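Visitor: Contents are TSV, C-alpha atoms; file name final.tsv:
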```tsv
chain	number	residue	atom	x	y	z
A	1	MET	CA	23.82	-13.59	22.88
A	2	ARG	CA	24.27	-10.14	21.45
A	3	PRO	CA	21.42	-7.95	22.69
A	4	VAL	CA	19.26	-6.58	19.90
A	5	ARG	CA	15.90	-4.96	20.33
A	6	PHE	CA	14.20	-8.33	20.02
A	7	ASN	CA	15.90	-10.03	22.92
A	8	VAL	CA	16.77	-7.32	25.43
A	9	HIS	CA	14.13	-8.80	27.72
A	10	PRO	CA	14.35	-12.48	26.93
A	11	LYS	CA	11.23	-14.38	27.86
A	12	GLN	CA	11.29	-17.72	29.47
A	13	ALA	CA	8.80	-20.19	28.13
A	14	ASP	CA	5.93	-20.44	30.55
A	15	ILE	CA	3.79	-23.43	29.87
A	16	LYS	CA	2.58	-23.91	33.39
A	17	ASP	CA	-1.15	-23.07	33.53
A	18	ASN	CA	-0.69	-21.45	30.16
A	19	ILE	CA	-1.96	-24.10	27.77
A	20	ALA	CA	-5.27	-23.34	26.13
A	21	LEU	CA	-7.83	-26.06	26.67
A	22	VAL	CA	-11.44	-25.99	25.64
A	23	GLU	CA	-13.89	-25.43	28.41
A	24	MET	CA	-15.76	-28.47	29.61
A	25	PRO	CA	-19.43	-28.46	28.71
A	26	ASP	CA	-22.06	-28.52	31.42
A	27	GLY	CA	-22.77	-31.99	32.70
A	28	THR	CA	-22.83	-34.36	35.58
A	29	THR	CA	-19.54	-35.61	36.82
A	30	GLY	CA	-18.70	-38.21	39.38
A	31	GLU	CA	-15.97	-40.65	40.15
A	32	GLY	CA	-14.82	-42.14	36.87
A	33	TYR	CA	-17.56	-40.75	34.62
A	34	PHE	CA	-18.82	-37.60	33.04
A	35	ALA	CA	-22.22	-37.28	31.46
A	36	THR	CA	-23.31	-34.49	29.14
A	37	SER	CA	-25.48	-34.03	26.10
A	38	PHE	CA	-24.32	-35.52	22.83
A	39	GLU	CA	-25.03	-32.21	21.12
A	40	SER	CA	-22.53	-30.25	23.17
A	41	VAL	CA	-19.79	-32.84	22.67
A	42	VAL	CA	-20.35	-32.90	18.91
A	43	GLY	CA	-20.38	-29.09	18.85
A	44	LEU	CA	-17.13	-29.05	20.78
A	45	ALA	CA	-15.47	-31.54	18.47
A	46	ARG	CA	-16.62	-29.88	15.27
A	47	LYS	CA	-15.73	-26.41	16.45
A	48	ASN	CA	-12.15	-27.28	17.31
A	49	SER	CA	-11.27	-29.38	14.30
A	50	MET	CA	-12.55	-27.40	11.38
A	51	TRP	CA	-11.15	-28.03	7.91
A	52	PRO	CA	-11.19	-24.80	5.94
A	53	LEU	CA	-11.35	-24.75	2.18
A	54	PRO	CA	-9.72	-21.56	0.87
A	55	PHE	CA	-11.37	-20.16	-2.24
A	56	ALA	CA	-8.92	-17.34	-2.81
A	57	THR	CA	-9.10	-15.17	-5.90
A	58	SER	CA	-7.22	-11.98	-5.02
A	59	CYS	CA	-5.55	-9.88	-2.34
A	60	CYS	CA	-7.67	-11.23	0.54
A	61	GLY	CA	-6.18	-14.59	-0.37
A	62	ILE	CA	-2.72	-13.17	0.28
A	63	GLU	CA	-3.89	-12.06	3.72
A	64	PHE	CA	-5.20	-15.55	4.26
A	65	MET	CA	-1.81	-17.01	3.41
A	66	ALA	CA	-0.36	-14.90	6.22
A	67	THR	CA	-3.20	-16.05	8.48
A	68	MET	CA	-2.44	-19.65	7.68
A	69	ALA	CA	1.33	-19.38	8.01
A	70	SER	CA	3.41	-19.56	11.15
A	71	HIS	CA	3.17	-15.93	12.25
A	72	TYR	CA	-0.60	-15.79	12.74
A	73	ASP	CA	-1.06	-19.56	12.65
A	74	LEU	CA	-4.66	-20.47	12.06
A	75	ALA	CA	-3.74	-23.97	13.29
A	76	ARG	CA	-3.84	-22.66	16.85
A	77	PHE	CA	-7.61	-22.64	16.57
A	78	GLY	CA	-7.95	-26.22	15.46
A	79	SER	CA	-7.98	-25.47	11.75
A	80	GLU	CA	-4.73	-27.30	11.30
A	81	ARG	CA	-5.61	-28.92	8.06
A	82	VAL	CA	-6.43	-26.58	5.21
A	83	GLY	CA	-7.99	-28.81	2.61
A	84	PHE	CA	-8.23	-28.18	-1.08
A	85	SER	CA	-11.02	-30.61	-1.76
A	86	PRO	CA	-14.58	-29.47	-1.10
A	87	ARG	CA	-15.69	-33.03	-0.35
A	88	GLN	CA	-13.75	-33.15	2.90
A	89	CYS	CA	-13.97	-29.59	4.16
A	90	ASP	CA	-16.36	-27.94	6.59
A	91	LEU	CA	-15.69	-24.25	6.07
A	92	LEU	CA	-15.68	-22.53	2.70
A	93	MET	CA	-13.59	-19.36	2.96
A	94	VAL	CA	-14.31	-17.11	0.01
A	95	MET	CA	-11.58	-14.50	-0.26
A	96	GLY	CA	-11.51	-12.05	-3.11
A	97	THR	CA	-13.50	-10.68	-6.01
A	98	ILE	CA	-15.91	-13.16	-7.52
A	99	ALA	CA	-16.67	-12.35	-11.14
A	100	LYS	CA	-20.11	-13.22	-12.43
A	101	LYS	CA	-18.54	-15.82	-14.63
A	102	MET	CA	-17.07	-17.47	-11.57
A	103	ALA	CA	-20.35	-17.54	-9.62
A	104	PRO	CA	-21.45	-20.95	-10.99
A	105	VAL	CA	-18.02	-22.37	-10.11
A	106	LEU	CA	-18.28	-21.08	-6.55
A	107	ARG	CA	-21.77	-22.48	-6.25
A	108	GLN	CA	-20.58	-25.84	-7.56
A	109	VAL	CA	-17.81	-25.92	-4.96
A	110	TYR	CA	-20.39	-25.16	-2.26
A	111	LEU	CA	-22.69	-27.91	-3.51
A	112	GLN	CA	-19.83	-30.40	-3.47
A	113	MET	CA	-19.28	-29.83	0.24
A	114	ALA	CA	-21.01	-32.20	2.62
A	115	GLU	CA	-23.34	-30.98	5.37
A	116	PRO	CA	-22.74	-29.51	7.84
A	117	ARG	CA	-20.93	-26.77	5.95
A	118	TRP	CA	-20.23	-23.16	6.76
A	119	VAL	CA	-19.29	-20.20	4.61
A	120	ILE	CA	-17.25	-17.14	5.48
A	121	ALA	CA	-17.05	-14.16	3.11
A	122	VAL	CA	-13.69	-12.47	3.65
A	123	GLY	CA	-13.26	-8.89	2.50
A	124	ALA	CA	-15.39	-6.25	0.83
A	125	CYS	CA	-15.53	-7.93	-2.59
A	126	ALA	CA	-16.78	-11.29	-1.40
A	127	SER	CA	-19.23	-9.57	0.95
A	128	SER	CA	-20.67	-6.91	-1.35
A	129	GLY	CA	-18.72	-6.60	-4.58
A	130	GLY	CA	-16.54	-3.97	-2.92
A	131	ILE	CA	-15.19	-1.27	-5.17
A	132	PHE	CA	-16.08	-3.31	-8.24
A	133	ASP	CA	-19.56	-1.94	-8.80
A	134	THR	CA	-19.52	-3.06	-12.39
A	135	TYR	CA	-21.19	-5.30	-14.94
A	136	SER	CA	-18.74	-8.16	-14.57
A	137	VAL	CA	-18.54	-8.63	-10.80
A	138	LEU	CA	-20.92	-10.48	-8.52
A	139	GLN	CA	-22.24	-8.01	-5.95
A	140	GLY	CA	-21.62	-10.22	-2.94
A	141	ILE	CA	-21.40	-14.01	-2.84
A	142	ASP	CA	-24.62	-14.17	-0.83
A	143	GLN	CA	-26.40	-13.80	-4.16
A	144	VAL	CA	-25.49	-17.38	-5.00
A	145	ILE	CA	-24.72	-19.18	-1.72
A	146	PRO	CA	-25.74	-18.60	1.92
A	147	VAL	CA	-23.06	-16.92	4.06
A	148	ASP	CA	-22.57	-17.38	7.80
A	149	VAL	CA	-19.97	-14.73	8.64
A	150	TYR	CA	-18.82	-11.61	6.80
A	151	VAL	CA	-15.36	-10.19	7.47
A	152	PRO	CA	-15.11	-6.51	6.52
A	153	GLY	CA	-11.93	-4.92	5.22
A	154	CYS	CA	-10.19	-4.26	1.95
A	155	PRO	CA	-8.34	-6.51	2.53
A	156	PRO	CA	-8.93	-7.47	6.18
A	157	ARG	CA	-5.90	-8.04	8.34
A	158	PRO	CA	-5.10	-11.61	9.44
A	159	GLU	CA	-6.46	-10.76	12.90
A	160	ALA	CA	-9.81	-9.95	11.31
A	161	ILE	CA	-9.83	-13.23	9.41
A	162	ILE	CA	-9.01	-15.11	12.61
A	163	ASP	CA	-11.82	-13.25	14.34
A	164	GLY	CA	-14.17	-14.34	11.55
A	165	VAL	CA	-13.10	-17.95	12.01
A	166	LEU	CA	-13.72	-17.63	15.75
A	167	ARG	CA	-17.23	-16.27	15.07
A	168	ILE	CA	-17.80	-19.35	12.88
A	169	GLN	CA	-16.61	-21.48	15.79
A	170	ASP	CA	-19.19	-19.82	18.02
A	171	LEU	CA	-21.89	-20.64	15.46
A	172	ILE	CA	-20.74	-24.25	15.21
A	173	HIS	CA	-20.61	-24.59	18.98
A	174	ALA	CA	-24.12	-23.28	19.40
A	175	GLU	CA	-25.66	-25.15	16.49
A	176	GLY	CA	-28.20	-27.82	17.29
A	177	LEU	CA	-27.66	-31.31	15.90
A	178	ARG	CA	-30.94	-31.28	13.98
A	179	ARG	CA	-30.64	-27.80	12.54
A	180	ARG	CA	-29.58	-28.99	9.09
A	181	ASN	CA	-32.69	-31.14	8.89
A	182	SER	CA	-35.06	-28.39	9.96
A	183	ASP	CA	-37.65	-26.90	7.66
A	184	HIS	CA	-36.25	-23.46	8.39
A	185	TYR	CA	-32.83	-24.46	7.06
A	186	LYS	CA	-34.30	-26.19	4.03
A	187	ALA	CA	-36.32	-23.08	3.28
A	188	LEU	CA	-33.16	-20.99	3.50
A	189	LEU	CA	-31.36	-23.21	1.00
A	190	GLY	CA	-34.53	-23.18	-1.10
A	191	THR	CA	-34.18	-19.43	-1.55
A	192	TYR	CA	-30.88	-20.20	-3.27
A	193	GLY	CA	-32.39	-22.95	-5.36
A	194	ILE	CA	-30.46	-25.62	-3.47
A	195	GLN	CA	-32.29	-28.82	-2.52
B	1	MET	CA	15.45	5.83	-43.11
B	2	SER	CA	13.74	7.91	-40.41
B	3	THR	CA	10.34	6.98	-39.05
B	4	THR	CA	8.62	9.86	-40.85
B	5	GLU	CA	10.19	8.90	-44.14
B	6	THR	CA	9.20	5.25	-43.59
B	7	TYR	CA	5.62	6.29	-42.91
B	8	SER	CA	5.37	8.56	-45.95
B	9	HIS	CA	6.77	5.72	-48.04
B	10	ILE	CA	4.18	3.31	-46.63
B	11	GLN	CA	1.43	5.86	-47.26
B	12	GLU	CA	2.65	6.19	-50.86
B	13	ILE	CA	2.46	2.43	-51.48
B	14	ILE	CA	-1.01	2.17	-49.96
B	15	THR	CA	-2.49	5.18	-51.79
B	16	LYS	CA	-1.00	3.92	-55.04
B	17	GLN	CA	-2.98	0.71	-54.65
B	18	PHE	CA	-6.24	2.01	-53.22
B	19	ALA	CA	-6.26	5.65	-54.46
B	20	ASP	CA	-8.94	7.72	-52.72
B	21	LYS	CA	-10.55	4.72	-51.05
B	22	VAL	CA	-8.07	5.03	-48.17
B	23	PHE	CA	-8.13	8.27	-46.23
B	24	ASN	CA	-7.36	10.06	-42.99
B	25	PHE	CA	-3.65	9.24	-42.81
B	26	GLN	CA	-2.43	10.43	-39.42
B	27	GLU	CA	0.68	10.02	-37.36
B	28	THR	CA	-0.62	10.07	-33.79
B	29	TYR	CA	1.68	9.18	-30.92
B	30	GLY	CA	4.37	8.24	-33.40
B	31	MET	CA	2.38	5.61	-35.22
B	32	LEU	CA	0.82	5.84	-38.65
B	33	SER	CA	-2.89	5.18	-38.89
B	34	PHE	CA	-5.38	5.32	-41.74
B	35	GLU	CA	-8.96	4.43	-42.53
B	36	ALA	CA	-10.85	2.62	-45.24
B	37	PRO	CA	-14.49	1.70	-45.90
B	38	LYS	CA	-15.48	-1.42	-44.01
B	39	GLU	CA	-16.20	-3.33	-47.23
B	40	LEU	CA	-12.50	-3.13	-48.08
B	41	ASN	CA	-11.09	-4.28	-44.75
B	42	LEU	CA	-9.97	-7.76	-45.83
B	43	GLU	CA	-8.61	-6.47	-49.10
B	44	VAL	CA	-6.52	-3.82	-47.33
B	45	LEU	CA	-5.36	-6.26	-44.63
B	46	GLY	CA	-4.37	-8.78	-47.28
B	47	PHE	CA	-2.46	-6.11	-49.15
B	48	LEU	CA	-0.65	-4.98	-45.99
B	49	THR	CA	0.29	-8.58	-45.27
B	50	ASN	CA	1.34	-9.77	-48.70
B	51	HIS	CA	2.97	-6.73	-50.22
B	52	PRO	CA	6.71	-7.56	-50.38
B	53	GLU	CA	7.78	-4.16	-49.12
B	54	LEU	CA	5.11	-3.63	-46.44
B	55	GLY	CA	5.00	-7.10	-44.89
B	56	PHE	CA	2.63	-6.31	-42.01
B	57	ALA	CA	2.00	-10.01	-41.46
B	58	PHE	CA	1.52	-9.98	-37.70
B	59	MET	CA	-1.70	-8.75	-36.07
B	60	THR	CA	-0.89	-7.53	-32.59
B	61	ASP	CA	-4.34	-6.26	-31.64
B	62	LEU	CA	-7.88	-5.91	-32.80
B	63	CYS	CA	-10.41	-3.87	-30.89
B	64	ALA	CA	-13.31	-1.47	-31.28
B	65	VAL	CA	-14.15	2.06	-30.17
B	66	HIS	CA	-17.62	3.50	-29.71
B	67	PHE	CA	-18.18	7.11	-30.82
B	68	PRO	CA	-21.86	7.78	-30.05
B	69	ASP	CA	-21.75	11.23	-31.70
B	70	LYS	CA	-20.41	10.10	-35.07
B	71	LYS	CA	-23.68	9.38	-36.84
B	72	GLY	CA	-23.43	6.49	-39.26
B	73	ALA	CA	-19.94	5.58	-38.08
B	74	GLU	CA	-20.49	4.93	-34.41
B	75	LEU	CA	-18.43	1.79	-34.15
B	76	GLN	CA	-14.84	1.79	-35.27
B	77	VAL	CA	-12.82	-1.40	-35.53
B	78	VAL	CA	-9.09	-0.88	-35.12
B	79	TYR	CA	-6.46	-3.30	-36.39
B	80	HIS	CA	-2.90	-3.05	-35.12
B	81	MET	CA	-0.42	-4.55	-37.57
B	82	HIS	CA	3.26	-5.21	-37.07
B	83	ASN	CA	6.10	-5.86	-39.47
B	84	LEU	CA	8.30	-8.18	-37.44
B	85	GLU	CA	11.31	-7.97	-39.76
B	86	LYS	CA	11.61	-4.20	-39.80
B	87	ASN	CA	9.84	-3.60	-36.48
B	88	VAL	CA	7.35	-1.12	-37.90
B	89	ARG	CA	3.80	-0.82	-36.61
B	90	ILE	CA	0.68	0.59	-38.20
B	91	ARG	CA	-2.97	1.14	-37.30
B	92	PHE	CA	-5.81	0.51	-39.69
B	93	LYS	CA	-9.41	1.46	-38.93
B	94	VAL	CA	-12.80	0.79	-40.40
B	95	SER	CA	-16.07	2.33	-39.23
B	96	THR	CA	-19.60	1.01	-39.27
B	97	ALA	CA	-23.04	2.26	-38.33
B	98	ILE	CA	-24.36	0.94	-35.03
B	99	GLU	CA	-27.65	-0.10	-36.64
B	100	ASP	CA	-25.76	-2.49	-38.92
B	101	PRO	CA	-22.60	-3.45	-37.03
B	102	THR	CA	-21.30	-5.99	-39.51
B	103	VAL	CA	-17.64	-6.20	-40.46
B	104	ALA	CA	-16.00	-9.03	-42.40
B	105	SER	CA	-14.04	-11.35	-40.13
B	106	ALA	CA	-10.25	-11.35	-40.40
B	107	ALA	CA	-10.02	-14.77	-38.75
B	108	ILE	CA	-9.35	-16.35	-42.15
B	109	LEU	CA	-6.25	-14.21	-42.59
B	110	TYR	CA	-4.95	-14.32	-39.02
B	111	PRO	CA	-5.88	-17.10	-36.55
B	112	THR	CA	-5.20	-14.66	-33.71
B	113	ALA	CA	-8.15	-12.56	-34.86
B	114	ASN	CA	-10.51	-15.35	-33.84
B	115	TRP	CA	-10.50	-14.66	-30.10
B	116	MET	CA	-9.96	-10.91	-30.49
B	117	GLU	CA	-13.04	-10.65	-32.67
B	118	ARG	CA	-14.98	-12.65	-30.15
B	119	GLU	CA	-13.87	-10.20	-27.46
B	120	THR	CA	-14.81	-7.23	-29.64
B	121	TYR	CA	-18.21	-8.80	-30.26
B	122	ASP	CA	-18.57	-9.47	-26.55
B	123	PHE	CA	-18.00	-5.87	-25.50
B	124	PHE	CA	-19.16	-3.80	-28.48
B	125	GLY	CA	-21.52	-6.09	-30.40
B	126	VAL	CA	-19.63	-5.84	-33.66
B	127	ILE	CA	-20.80	-8.78	-35.75
B	128	PHE	CA	-17.90	-10.26	-37.68
B	129	THR	CA	-19.39	-11.98	-40.70
B	130	GLY	CA	-17.66	-15.21	-41.62
B	131	HIS	CA	-16.28	-15.76	-38.14
B	132	PRO	CA	-16.22	-19.51	-37.34
B	133	ASN	CA	-17.44	-19.23	-33.73
B	134	LEU	CA	-18.77	-15.80	-32.88
B	135	LYS	CA	-19.93	-16.03	-29.27
B	136	ARG	CA	-19.08	-14.30	-25.99
B	137	ILE	CA	-15.62	-15.00	-24.65
B	138	LEU	CA	-15.11	-13.01	-21.42
B	139	ASN	CA	-18.56	-12.12	-20.12
B	140	VAL	CA	-21.23	-14.51	-18.94
B	141	ASP	CA	-23.23	-16.07	-21.76
B	142	GLU	CA	-26.49	-14.81	-20.26
B	143	MET	CA	-25.50	-11.15	-20.67
B	144	THR	CA	-28.02	-9.37	-22.85
B	145	TYR	CA	-26.09	-6.23	-23.73
B	146	PHE	CA	-22.67	-5.05	-24.85
B	147	PRO	CA	-21.15	-3.42	-21.76
B	148	LEU	CA	-18.51	-1.17	-23.34
B	149	ARG	CA	-20.98	0.73	-25.50
B	150	LYS	CA	-21.32	4.22	-24.12
B	151	GLU	CA	-25.05	4.04	-23.40
B	152	PHE	CA	-24.42	1.57	-20.59
B	153	PRO	CA	-23.21	3.07	-17.29
B	154	LEU	CA	-20.33	1.31	-15.56
B	155	GLU	CA	-22.28	0.38	-12.44
B	156	ASP	CA	-24.31	-2.77	-12.26
B	157	GLN	CA	-27.84	-1.53	-13.00
B	158	THR	CA	-29.48	-4.52	-11.38
B	159	ARG	CA	-28.38	-3.48	-7.92
B	160	ILE	CA	-31.11	-2.23	-5.62
B	161	ASP	CA	-29.25	-1.96	-2.34
B	162	LYS	CA	-27.28	1.20	-3.09
B	163	ASP	CA	-28.19	4.63	-1.86
B	164	ASP	CA	-27.27	7.06	-4.64
B	165	GLU	CA	-26.96	9.91	-2.16
B	166	MET	CA	-23.94	8.23	-0.63
B	167	PHE	CA	-22.22	8.29	-3.98
B	168	GLY	CA	-22.79	11.99	-4.67
B	169	ARG	CA	-25.28	11.57	-7.48
B	170	GLY	CA	-28.48	12.61	-5.78
B	171	GLY	CA	-31.54	10.61	-4.98
B	172	ASN	CA	-32.24	8.58	-1.90
B	173	LEU	CA	-33.26	4.97	-1.98
B	174	LEU	CA	-35.63	5.42	0.95
B	175	THR	CA	-37.45	8.48	-0.44
B	176	GLN	CA	-37.59	6.89	-3.87
B	177	SER	CA	-39.24	3.81	-2.51
B	178	LEU	CA	-41.68	5.98	-0.53
B	179	GLN	CA	-42.64	7.91	-3.66
B	180	ASN	CA	-43.25	4.75	-5.67
```
I need this file expressed as structure tokens, please.
Guide:
Amino acid sequence: MRPVRFNVHPKQADIKDNIALVEMPDGTTGEGYFATSFESVVGLARKNSMWPLPFATSCCGIEFMATMASHYDLARFGSERVGFSPRQCDLLMVMGTIAKKMAPVLRQVYLQMAEPRWVIAVGACASSGGIFDTYSVLQGIDQVIPVDVYVPGCPPRPEAIIDGVLRIQDLIHAEGLRRRNSDHYKALLGTYGIQ
Amino acid sequence: MSTTETYSHIQEIITKQFADKVFNFQETYGMLSFEAPKELNLEVLGFLTNHPELGFAFMTDLCAVHFPDKKGAELQVVYHMHNLEKNVRIRFKVSTAIEDPTVASAAILYPTANWMERETYDFFGVIFTGHPNLKRILNVDEMTYFPLRKEFPLEDQTRIDKDDEMFGRGGNLLTQSLQN
């Protein structure tokens, strides 16, 4: 092999003790069994098999494509399957400028998702309208749908988007099983006019 | 024939037909433009289209301009016409008062004017009489104003979370709310 600057120090694959596994939840373990709370198992499963739904309208969407592709590889975090149907997805990723005329469309997509659903606003435009402080642009998607995580940047780098997804994972992991049925949650959706 | 000669020839043909009703012939940025009273717009457009020598049968653009200081002629509708055979372009303008922003629709003459008039209505509030479907095309239907008129600032005026001081235009959201 001709040495170039990429392979002057060739690395040997090291998979021994180097495979990422999720941490085991707290519980009681004995010979042949392990007992823990249902909630923590469900949280663990949900967190590590999220289906994102990209709602990409501009340059943040391009950053997301890099995030999704092999170099940054969102699949490493369990989001292997990027779905393009709101019915089957858990995480709505809004990336890019949302014009006021598109707000009802975005809201419709959100309503079509089944509970539990999470929303991440990627980039300045989705979070606050960004530089488009003008009559035609929605000043942040949280005016029409509730948002769980905001990723700053114009556009954010793939690392930032991955960090946002990890923050969503933390939320999912910590979420109680009955949260979506709570009065507090219903009141939150009520402020958006969602039943 | 050079461009200047072509334009003077075109001007000759038009003034011969409309006499002193057409005015303000100008050659700005290498393109001839002229004006007419708004009542004559369809007549002039029809003449430009059907005259055998002119043949401006293709409408490339239709838009409006707002001149808030021109009293009685605040809104100007601009038609861009193109002769495809000879590749000559021309601008034709009509003005109207903002209190009565009605201009006859050119959608009967050119189907392309349909959407462009809707866009012009959407942004400037020019009412094209005789248009088959004059409603907003780009902005949300709920919008209550015409955003490209000069009296409306660019920024979204419904926003309350912005501190003007941060944008170099004085005022502080906190002190304002304390005063109120």
Visitor: Hey, what's within 10 Å of Val77 of chain B if we count only C-alpha atoms and toss same-chain stuff fewer than 4 positions away? As a PDB file with C-alpha atoms, in the frame of the given file, please?
Guide:
```
ATOM      1  CA  GLU B  35      -8.960   4.430 -42.530  1.00  0.00           C
ATOM      2  CA  LYS B  38     -15.480  -1.420 -44.010  1.00  0.00           C
ATOM      3  CA  ASN B  41     -11.090  -4.280 -44.750  1.00  0.00           C
ATOM      4  CA  LEU B  62      -7.880  -5.910 -32.800  1.00  0.00           C
ATOM      5  CA  CYS B  63     -10.410  -3.870 -30.890  1.00  0.00           C
ATOM      6  CA  ALA B  64     -13.310  -1.470 -31.280  1.00  0.00           C
ATOM      7  CA  VAL B  65     -14.150   2.060 -30.170  1.00  0.00           C
ATOM      8  CA  HIS B  66     -17.620   3.500 -29.710  1.00  0.00           C
ATOM      9  CA  PHE B  92      -5.810   0.510 -39.690  1.00  0.00           C
ATOM     10  CA  LYS B  93      -9.410   1.460 -38.930  1.00  0.00           C
ATOM     11  CA  VAL B  94     -12.800   0.790 -40.400  1.00  0.00           C
ATOM     12  CA  SER B  95     -16.070   2.330 -39.230  1.00  0.00           C
ATOM     13  CA  THR B  96     -19.600   1.010 -39.270  1.00  0.00           C
ATOM     14  CA  VAL B 103     -17.640  -6.200 -40.460  1.00  0.00           C
ATOM     15  CA  GLU B 117     -13.040 -10.650 -32.670  1.00  0.00           C
ATOM     16  CA  THR B 120     -14.810  -7.230 -29.640  1.00  0.00           C
ATOM     17  CA  PHE B 124     -19.160  -3.800 -28.480  1.00  0.00           C
ATOM     18  CA  VAL B 126     -19.630  -5.840 -33.660  1.00  0.00           C
TER      19      VAL B 126
END
```
Visitor: Mind pulling up the distance from atom CA of Gln139 of chain A to atom CA of Met143 of chain B?
Guide: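 These two atoms are separated by 15.4 Å.
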Visitor: Record the distance separating atom CA of Phe67 of chain B and atom CA of Met81 of chain B, expressed in Å with one decimal.
Guide: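 Calculated distance between atom CA of Phe67 of chain B and atom CA of Met81 of chain B is 22.3 Å.
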Visitor: Give one line per residue of chain B that approaches chain A to at most 7 Å, naming the two atoms of the closest pair and their distance in Å to one decimal, counting all atoms listed in the file; sort by chain then ascending residue number and deliver it as JSON lines.
Guide:
```
{"residue": "B:Asn139", "atom": "CA", "partner": "A:Lys101", "partner_atom": "CA", "distance": 6.6}
{"residue": "B:Val140", "atom": "CA", "partner": "A:Lys101", "partner_atom": "CA", "distance": 5.2}
{"residue": "B:Leu154", "atom": "CA", "partner": "A:Thr134", "partner_atom": "CA", "distance": 5.5}
{"residue": "B:Glu155", "atom": "CA", "partner": "A:Thr134", "partner_atom": "CA", "distance": 4.4}
{"residue": "B:Asp156", "atom": "CA", "partner": "A:Thr134", "partner_atom": "CA", "distance": 4.8}
```
Visitor: Write the residues you've just listed into a file as a short mmCIF file (atom, residue, chain, number, x, y, z; two decimals), in the frame of the given file, and include C-alpha atoms for each of them.
Guide:
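Wrote it out as result_4.cif, contents follow:
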```cif
data_model
loop_
_atom_site.label_atom_id
_atom_site.label_comp_id
_atom_site.auth_asym_id
_atom_site.auth_seq_id
_atom_site.Cartn_x
_atom_site.Cartn_y
_atom_site.Cartn_z
CA ASN B 139 -18.56 -12.12 -20.12
CA VAL B 140 -21.23 -14.51 -18.94
CA LEU B 154 -20.33 1.31 -15.56
CA GLU B 155 -22.28 0.38 -12.44
CA ASP B 156 -24.31 -2.77 -12.26
#
```
Visitor: So, with all atoms listed in the file as the atoms that count, which of B:Glu43, B:Glu85, B:Asp122, B:Glu12 lies closest to Thr144 of chain B?
Guide: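 Ranked by minimum distance to Thr144 of chain B, first place goes to B:Asp122.
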